[in-house]
Structure formats: C-alpha cells, structure tokens
Amino acid sequence: MNRKWKSRVEVALIYLFISFMFVVIAYPLLWTISMSLNPGTSLYSASLIPEKWSFEHYKWLFTSPNSDYLLWYKNSLFVAAANAVLSVFFTALIAYAFSRYKFVGRKTGLYLFLVLQMFPSLMAMVAIYILLNMLHLLDSLWGLILIYVGGQIPFNAWLVKGYFDTIPRELDEAARIDGAGHFGVFFRIMLPLAKPILAVVALFNFMAPFTDFLLPSIVLRDPDKFTLAVGLFNFISDRFANNFTRFAAGSILIAAPIAVVFLFLQRYLISGLTAGGTKG
C-alpha cells in the first residue's frame, strides 16, 4: 500500500512540474499573441484578453510603406536556407572524414571541436568583426552566413560523427567492391542512411538566424540587410518608440517558416534527436 501511495505521489509531482513548466512557457506566448491582436501600439494599454480583436498590426507589417518587414523576412529566409543547406553539407563531409578515416591530428581535431564548444560565442565577436572587415564581408548577408556555418561546425560535427559511427562499415566495403569511390560511398550510402541526424542539423541551423540577435546586430549596418530579429528590435529600441503591439505581431510570424520546416522534417527528427550520442 505504501508503495502504491508513493507511486501516486511521484506521478502527482511529475504532473505538477509539467503543469508549472507549461505555464512558464505558455504565459509569455499567450501575452505575445494577445498583444499582437490588441488595437493601438502601446504596451501599457494592452490586455491579456483584448476587448476588440484586430489584425491591423499584421496588415501594417505587410502593407505600410514605413514597414520594411517583408524585406527583413526575405533576408532571414535567405540566410536561414543558406545556413541550413551549407551547414548540412560541410558538417556531413567533416563528420564523414572523422568517422571513416584515420589521419594525423584526428583525435586532436575532435578534442579541439569539444573545447571550442565550451567558450561562449560572445568571446569571438571582436575577432569575427575584424575578420569580416578584412574579407570585405562586413555588412553582408554572405558574411553573416559564413560565420553561422563555421560557428556551428564543432557541435554539428560531433553530433553527425556519432551517427555515422553507428552505420556499419561493411556497407562501405560492399560499395567499394562494386566500384564506388570515396564520394560515391558518401553520397550513395552515408547521406541516405543519415537523413534523421541531417534533418536535425538542418532544422537547428534554419532556426538560428530567425532567433539570433547578437551576431546580426554586430555584422549588419544597412537597414535593408537586417534580419527579422534586428529589424524588429528597432521597433522598440528608440527612446520614443511605441510599437510593442507591432513588434509582437512580427514576432509571432517568425514561427511560420520554422513550423513549415519542422512539419516537413518531423518524420526524421525523433530518431535523429536520439541518435548521434554513441561513443565514437
């Protein structure tokens, strides 16, 4: 009886914790949605349950001549798509090399990737700024993409390498017997079998440019090249700015392309998130 009572208490505590986390996550989201539907632009006049629902802020974002929201959206989509595709390609190549080949510096390189993940990205901002300035890529979307792709390689390479290690080497040997070269094995054997983990990498790298503010704010200066995070921040950063409801509407719409990509890749995500953690 005591064991049964103890089990009930544990289950109740689990549900209590889940309910608490749901409130913590859902309450700010609910306020953001409600604020985007409140008429007017003031934060203080907004209410959790609007008396008069209005989509005027969403309409303003897309139709007002004073709004650059569509331009920022296009920039973010371009950076996100390029970042996802290039990160998947280069990460897969690097992970394949570390998983399947033995070469001088292999173990050192893996440990170096691990060490690089321990330092916050803020430490590299000065060096990134100087590097992009030397390459004449400052205030450039391609410069931003370059930093995103390079910065994600250490973590992604470890993740994908762990998944590649679970793929039997006998498949590589069988493909080589049939005449496949290094790239043949990579493109015809490894990539198709590694779709789950590559889908995880693609999703994470697609999401990053939509939610990151720090790096684009340092790299980009021209308002026509802003991403959504930087552009929307300008709605509320000025001293006399009073565009919190428009800011909320623009923030809600950020979730649309991420949701589309998630739905497209969801069949691979569960197995991909639980894989790649094997010791290699």
# chains A, B, ... in the order shown; residues from 1 in each chain; ligands from 1
call {"tool": "residues_around", "arguments": {"residues": "Leu144 in chain A", "least_positions_apart": "3", "cutoff": "9 Å", "atoms": "only C-alpha atoms", "output": "ChimeraX atom specification"}}
result
/A:79,132,137-141,147-149,215-216,219-220
call {"tool": "residues_around", "arguments": {"residues": "Pro223 in chain A", "least_positions_apart": "2", "cutoff": "12 Å", "atoms": "only C-alpha atoms", "output": "PyMOL selection string"}}
result
chain A and resi 67-69+71-72+75+139-141+216-217+219-221+225-234
call {"tool": "write_last_selection", "arguments": {"atoms": "C-alpha atoms", "output": "JSON list (two decimals), in the first residue's frame"}}
result
[["chain", "number", "residue", "atom", "x", "y", "z"],
["A", 67, "SER", "CA", 7.48, 48.96, -42.81],
["A", 68, "ASP", "CA", 10.50, 47.00, -44.04],
["A", 69, "TYR", "CA", 9.15, 43.79, -42.55],
["A", 71, "LEU", "CA", 12.47, 42.83, -46.72],
["A", 72, "TRP", "CA", 13.69, 41.63, -43.33],
["A", 75, "ASN", "CA", 16.73, 38.38, -45.71],
["A", 139, "ASP", "CA", 27.52, 44.45, -43.55],
["A", 140, "SER", "CA", 26.91, 41.50, -45.87],
["A", 141, "LEU", "CA", 24.44, 38.64, -45.64],
["A", 216, "PRO", "CA", 23.45, 40.14, -36.94],
["A", 217, "SER", "CA", 23.44, 43.34, -34.89],
["A", 219, "VAL", "CA", 27.70, 42.33, -38.60],
["A", 220, "LEU", "CA", 24.87, 44.24, -40.30],
["A", 221, "ARG", "CA", 24.57, 48.03, -40.52],
["A", 225, "LYS", "CA", 20.06, 43.95, -44.90],
["A", 226, "PHE", "CA", 18.63, 43.48, -41.42],
["A", 227, "THR", "CA", 17.27, 40.12, -40.37],
["A", 228, "LEU", "CA", 13.98, 39.91, -38.50],
["A", 229, "ALA", "CA", 15.49, 39.92, -35.02],
["A", 230, "VAL", "CA", 17.47, 43.11, -35.65],
["A", 231, "GLY", "CA", 14.71, 44.82, -37.59],
["A", 232, "LEU", "CA", 12.03, 44.11, -35.01],
["A", 233, "PHE", "CA", 14.29, 45.31, -32.22],
["A", 234, "ASN", "CA", 14.30, 48.73, -33.86]]
call {"tool": "residues_around", "arguments": {"residues": "range 251-256 of chain A", "least_positions_apart": "3", "cutoff": "10 Å", "atoms": "only C-alpha atoms", "output": "PyMOL selection string"}}
result
chain A and resi 29+32-33+36+58+73+76+207+210-211+228-229+232+245-248+259-262
call {"tool": "closest_residue", "arguments": {"among": "A:Arg267, A:Lys74, A:Arg100, A:Lys6", "to": "Gly162 in chain A", "atoms": "only C-alpha atoms"}}
result
A:Arg100
call {"tool": "residues_around", "arguments": {"residues": "Phe113 in chain A", "least_positions_apart": "5", "cutoff": "10 Å", "atoms": "only C-alpha atoms", "output": "short mmCIF file (atom, residue, chain, number, x, y, z; two decimals) with N, CA, C and O atoms, in the first residue's frame"}}
result
data_model
loop_
_atom_site.label_atom_id
_atom_site.label_comp_id
_atom_site.auth_asym_id
_atom_site.auth_seq_id
_atom_site.Cartn_x
_atom_site.Cartn_y
_atom_site.Cartn_z
N LYS A 107 42.38 12.73 -33.61
CA LYS A 107 41.93 12.82 -32.23
C LYS A 107 42.07 14.23 -31.69
O LYS A 107 41.19 14.73 -30.97
N THR A 108 43.15 14.91 -32.07
CA THR A 108 43.34 16.30 -31.62
C THR A 108 42.24 17.20 -32.17
O THR A 108 41.74 18.09 -31.47
N MET A 118 33.03 24.92 -25.43
CA MET A 118 32.99 25.34 -24.03
C MET A 118 33.01 26.85 -23.86
O MET A 118 32.67 27.36 -22.80
N ILE A 153 29.97 24.28 -36.89
CA ILE A 153 30.66 23.05 -37.28
C ILE A 153 31.12 22.21 -36.09
O ILE A 153 30.92 20.99 -36.09
N PRO A 154 31.75 22.78 -35.04
CA PRO A 154 32.22 21.92 -33.93
C PRO A 154 31.12 21.07 -33.31
O PRO A 154 31.28 19.86 -33.15
N PHE A 155 30.00 21.68 -32.96
CA PHE A 155 28.90 20.92 -32.34
C PHE A 155 28.27 19.94 -33.33
O PHE A 155 28.06 18.76 -33.01
N ASN A 156 27.98 20.41 -34.53
CA ASN A 156 27.32 19.56 -35.51
C ASN A 156 28.20 18.39 -35.93
O ASN A 156 27.70 17.28 -36.18
N ALA A 157 29.50 18.63 -36.05
CA ALA A 157 30.41 17.55 -36.46
C ALA A 157 30.42 16.42 -35.43
O ALA A 157 30.42 15.24 -35.79
N TRP A 158 30.45 16.77 -34.16
CA TRP A 158 30.37 15.74 -33.11
C TRP A 158 29.06 14.98 -33.20
O TRP A 158 29.03 13.75 -33.08
#
call {"tool": "atom_distance", "arguments": {"atom1": "CA of Tyr111 in chain A", "atom2": "CA of Ala202 in chain A"}}
result
23.7 Å
call {"tool": "select_by_dssp", "arguments": {"residues": "range 147-228 of chain A", "states": "alpha helix (DSSP H)", "output": "ChimeraX atom specification"}}
result
/A:147-164,169-177,182-185,191-193,195-211,214-219,228
call {"tool": "residues_around", "arguments": {"residues": "Val201 in chain A", "least_positions_apart": "2", "cutoff": "10 Å", "atoms": "only C-alpha atoms", "output": "VMD selection string"}}
result
chain A and resid 84 to 85 87 to 88 91 to 92 152 155 to 157 159 to 160 195 to 199 203 to 206 269 272 to 273
call {"tool": "atom_distance", "arguments": {"atom1": "CA of Ala208 in chain A", "atom2": "CA of Ala80 in chain A"}}
result
7.2 Å
call {"tool": "atom_distance", "arguments": {"atom1": "CA of Pro65 in chain A", "atom2": "CA of Trp142 in chain A"}}
result
26.9 Å
call {"tool": "closest_residue", "arguments": {"among": "A:Leu30, A:Val23, A:Ile218, A:Val9", "to": "Val126 in chain A", "atoms": "only C-alpha atoms"}}
result
A:Ile218
call {"tool": "decode", "arguments": {"residues": "range 62-75 of chain A", "atoms": "all heavy atoms", "output": "PDB file, in the first residue's frame"}}
result
ATOM      1  N   PHE A  62       2.748  44.271 -43.563  1.00  0.00           N
ATOM      2  CA  PHE A  62       2.880  43.874 -44.958  1.00  0.00           C
ATOM      3  C   PHE A  62       2.464  44.960 -45.952  1.00  0.00           C
ATOM      4  O   PHE A  62       2.834  44.874 -47.121  1.00  0.00           O
ATOM      5  CB  PHE A  62       2.031  42.619 -45.218  1.00  0.00           C
ATOM      6  CG  PHE A  62       2.553  41.388 -44.540  1.00  0.00           C
ATOM      7  CD1 PHE A  62       1.971  40.935 -43.375  1.00  0.00           C
ATOM      8  CD2 PHE A  62       3.637  40.703 -45.055  1.00  0.00           C
ATOM      9  CE1 PHE A  62       2.456  39.804 -42.739  1.00  0.00           C
ATOM     10  CE2 PHE A  62       4.137  39.571 -44.432  1.00  0.00           C
ATOM     11  CZ  PHE A  62       3.545  39.122 -43.270  1.00  0.00           C
ATOM     12  N   THR A  63       1.728  45.948 -45.501  1.00  0.00           N
ATOM     13  CA  THR A  63       1.193  46.928 -46.451  1.00  0.00           C
ATOM     14  C   THR A  63       1.701  48.344 -46.236  1.00  0.00           C
ATOM     15  O   THR A  63       1.629  49.160 -47.162  1.00  0.00           O
ATOM     16  CB  THR A  63      -0.348  46.956 -46.389  1.00  0.00           C
ATOM     17  OG1 THR A  63      -0.771  47.317 -45.065  1.00  0.00           O
ATOM     18  CG2 THR A  63      -0.917  45.583 -46.732  1.00  0.00           C
ATOM     19  N   SER A  64       2.193  48.666 -45.057  1.00  0.00           N
ATOM     20  CA  SER A  64       2.610  50.045 -44.783  1.00  0.00           C
ATOM     21  C   SER A  64       3.904  50.376 -45.515  1.00  0.00           C
ATOM     22  O   SER A  64       4.859  49.580 -45.508  1.00  0.00           O
ATOM     23  CB  SER A  64       2.803  50.257 -43.282  1.00  0.00           C
ATOM     24  OG  SER A  64       3.336  51.543 -43.032  1.00  0.00           O
ATOM     25  N   PRO A  65       3.979  51.561 -46.144  1.00  0.00           N
ATOM     26  CA  PRO A  65       5.236  51.974 -46.795  1.00  0.00           C
ATOM     27  C   PRO A  65       6.351  52.252 -45.791  1.00  0.00           C
ATOM     28  O   PRO A  65       7.523  52.300 -46.172  1.00  0.00           O
ATOM     29  CB  PRO A  65       4.839  53.256 -47.539  1.00  0.00           C
ATOM     30  CG  PRO A  65       3.619  53.756 -46.838  1.00  0.00           C
ATOM     31  CD  PRO A  65       2.903  52.546 -46.345  1.00  0.00           C
ATOM     32  N   ASN A  66       6.003  52.405 -44.516  1.00  0.00           N
ATOM     33  CA  ASN A  66       7.001  52.652 -43.474  1.00  0.00           C
ATOM     34  C   ASN A  66       7.547  51.364 -42.876  1.00  0.00           C
ATOM     35  O   ASN A  66       8.395  51.409 -41.981  1.00  0.00           O
ATOM     36  CB  ASN A  66       6.391  53.506 -42.350  1.00  0.00           C
ATOM     37  CG  ASN A  66       5.964  54.877 -42.835  1.00  0.00           C
ATOM     38  OD1 ASN A  66       6.625  55.472 -43.684  1.00  0.00           O
ATOM     39  ND2 ASN A  66       4.842  55.374 -42.314  1.00  0.00           N
ATOM     40  N   SER A  67       7.054  50.245 -43.351  1.00  0.00           N
ATOM     41  CA  SER A  67       7.475  48.958 -42.807  1.00  0.00           C
ATOM     42  C   SER A  67       8.411  48.243 -43.779  1.00  0.00           C
ATOM     43  O   SER A  67       8.106  48.107 -44.966  1.00  0.00           O
ATOM     44  CB  SER A  67       6.250  48.071 -42.536  1.00  0.00           C
ATOM     45  OG  SER A  67       6.641  46.765 -42.173  1.00  0.00           O
ATOM     46  N   ASP A  68       9.548  47.800 -43.258  1.00  0.00           N
ATOM     47  CA  ASP A  68      10.498  47.001 -44.039  1.00  0.00           C
ATOM     48  C   ASP A  68      10.412  45.528 -43.660  1.00  0.00           C
ATOM     49  O   ASP A  68      11.359  44.771 -43.868  1.00  0.00           O
ATOM     50  CB  ASP A  68      11.930  47.503 -43.806  1.00  0.00           C
ATOM     51  CG  ASP A  68      12.148  48.896 -44.366  1.00  0.00           C
ATOM     52  OD1 ASP A  68      11.569  49.193 -45.427  1.00  0.00           O
ATOM     53  OD2 ASP A  68      12.882  49.692 -43.747  1.00  0.00           O
ATOM     54  N   TYR A  69       9.278  45.141 -43.091  1.00  0.00           N
ATOM     55  CA  TYR A  69       9.147  43.789 -42.553  1.00  0.00           C
ATOM     56  C   TYR A  69       9.330  42.721 -43.630  1.00  0.00           C
ATOM     57  O   TYR A  69      10.007  41.717 -43.406  1.00  0.00           O
ATOM     58  CB  TYR A  69       7.776  43.637 -41.888  1.00  0.00           C
ATOM     59  CG  TYR A  69       7.600  42.337 -41.143  1.00  0.00           C
ATOM     60  CD1 TYR A  69       8.193  42.150 -39.904  1.00  0.00           C
ATOM     61  CD2 TYR A  69       6.841  41.295 -41.686  1.00  0.00           C
ATOM     62  CE1 TYR A  69       8.027  40.964 -39.211  1.00  0.00           C
ATOM     63  CE2 TYR A  69       6.678  40.116 -41.000  1.00  0.00           C
ATOM     64  CZ  TYR A  69       7.270  39.954 -39.760  1.00  0.00           C
ATOM     65  OH  TYR A  69       7.117  38.765 -39.083  1.00  0.00           O
ATOM     66  N   LEU A  70       8.736  42.903 -44.789  1.00  0.00           N
ATOM     67  CA  LEU A  70       8.877  41.912 -45.860  1.00  0.00           C
ATOM     68  C   LEU A  70      10.325  41.764 -46.294  1.00  0.00           C
ATOM     69  O   LEU A  70      10.792  40.647 -46.575  1.00  0.00           O
ATOM     70  CB  LEU A  70       8.007  42.313 -47.061  1.00  0.00           C
ATOM     71  CG  LEU A  70       6.520  41.955 -46.982  1.00  0.00           C
ATOM     72  CD1 LEU A  70       5.786  42.516 -48.186  1.00  0.00           C
ATOM     73  CD2 LEU A  70       6.340  40.454 -46.900  1.00  0.00           C
ATOM     74  N   LEU A  71      11.059  42.869 -46.347  1.00  0.00           N
ATOM     75  CA  LEU A  71      12.471  42.830 -46.718  1.00  0.00           C
ATOM     76  C   LEU A  71      13.274  42.066 -45.670  1.00  0.00           C
ATOM     77  O   LEU A  71      14.124  41.234 -46.001  1.00  0.00           O
ATOM     78  CB  LEU A  71      13.005  44.243 -46.882  1.00  0.00           C
ATOM     79  CG  LEU A  71      14.473  44.386 -47.295  1.00  0.00           C
ATOM     80  CD1 LEU A  71      14.722  43.717 -48.647  1.00  0.00           C
ATOM     81  CD2 LEU A  71      14.885  45.852 -47.345  1.00  0.00           C
ATOM     82  N   TRP A  72      13.001  42.345 -44.397  1.00  0.00           N
ATOM     83  CA  TRP A  72      13.695  41.626 -43.325  1.00  0.00           C
ATOM     84  C   TRP A  72      13.340  40.147 -43.358  1.00  0.00           C
ATOM     85  O   TRP A  72      14.199  39.295 -43.101  1.00  0.00           O
ATOM     86  CB  TRP A  72      13.308  42.216 -41.970  1.00  0.00           C
ATOM     87  CG  TRP A  72      13.647  43.664 -41.800  1.00  0.00           C
ATOM     88  CD1 TRP A  72      14.609  44.366 -42.486  1.00  0.00           C
ATOM     89  CD2 TRP A  72      13.025  44.594 -40.913  1.00  0.00           C
ATOM     90  NE1 TRP A  72      14.618  45.672 -42.071  1.00  0.00           N
ATOM     91  CE2 TRP A  72      13.661  45.848 -41.101  1.00  0.00           C
ATOM     92  CE3 TRP A  72      12.004  44.507 -39.978  1.00  0.00           C
ATOM     93  CZ2 TRP A  72      13.304  46.987 -40.382  1.00  0.00           C
ATOM     94  CZ3 TRP A  72      11.639  45.620 -39.261  1.00  0.00           C
ATOM     95  CH2 TRP A  72      12.279  46.854 -39.459  1.00  0.00           C
ATOM     96  N   TYR A  73      12.100  39.844 -43.683  1.00  0.00           N
ATOM     97  CA  TYR A  73      11.662  38.445 -43.754  1.00  0.00           C
ATOM     98  C   TYR A  73      12.414  37.726 -44.875  1.00  0.00           C
ATOM     99  O   TYR A  73      12.866  36.583 -44.716  1.00  0.00           O
ATOM    100  CB  TYR A  73      10.167  38.387 -44.001  1.00  0.00           C
ATOM    101  CG  TYR A  73       9.465  37.263 -43.281  1.00  0.00           C
ATOM    102  CD1 TYR A  73       8.640  37.517 -42.194  1.00  0.00           C
ATOM    103  CD2 TYR A  73       9.626  35.944 -43.688  1.00  0.00           C
ATOM    104  CE1 TYR A  73       7.996  36.491 -41.534  1.00  0.00           C
ATOM    105  CE2 TYR A  73       8.992  34.916 -43.031  1.00  0.00           C
ATOM    106  CZ  TYR A  73       8.174  35.189 -41.941  1.00  0.00           C
ATOM    107  OH  TYR A  73       7.550  34.152 -41.281  1.00  0.00           O
ATOM    108  N   LYS A  74      12.535  38.392 -46.010  1.00  0.00           N
ATOM    109  CA  LYS A  74      13.251  37.796 -47.136  1.00  0.00           C
ATOM    110  C   LYS A  74      14.717  37.565 -46.783  1.00  0.00           C
ATOM    111  O   LYS A  74      15.286  36.511 -47.099  1.00  0.00           O
ATOM    112  CB  LYS A  74      13.142  38.710 -48.363  1.00  0.00           C
ATOM    113  CG  LYS A  74      13.773  38.127 -49.629  1.00  0.00           C
ATOM    114  CD  LYS A  74      13.722  39.102 -50.780  1.00  0.00           C
ATOM    115  CE  LYS A  74      14.733  40.215 -50.583  1.00  0.00           C
ATOM    116  NZ  LYS A  74      14.851  41.084 -51.782  1.00  0.00           N
ATOM    117  N   ASN A  75      15.336  38.540 -46.126  1.00  0.00           N
ATOM    118  CA  ASN A  75      16.729  38.385 -45.710  1.00  0.00           C
ATOM    119  C   ASN A  75      16.891  37.209 -44.753  1.00  0.00           C
ATOM    120  O   ASN A  75      17.838  36.418 -44.877  1.00  0.00           O
ATOM    121  CB  ASN A  75      17.221  39.667 -45.027  1.00  0.00           C
ATOM    122  CG  ASN A  75      17.322  40.839 -45.982  1.00  0.00           C
ATOM    123  OD1 ASN A  75      17.369  40.666 -47.204  1.00  0.00           O
ATOM    124  ND2 ASN A  75      17.333  42.042 -45.448  1.00  0.00           N
TER     125      ASN A  75
END
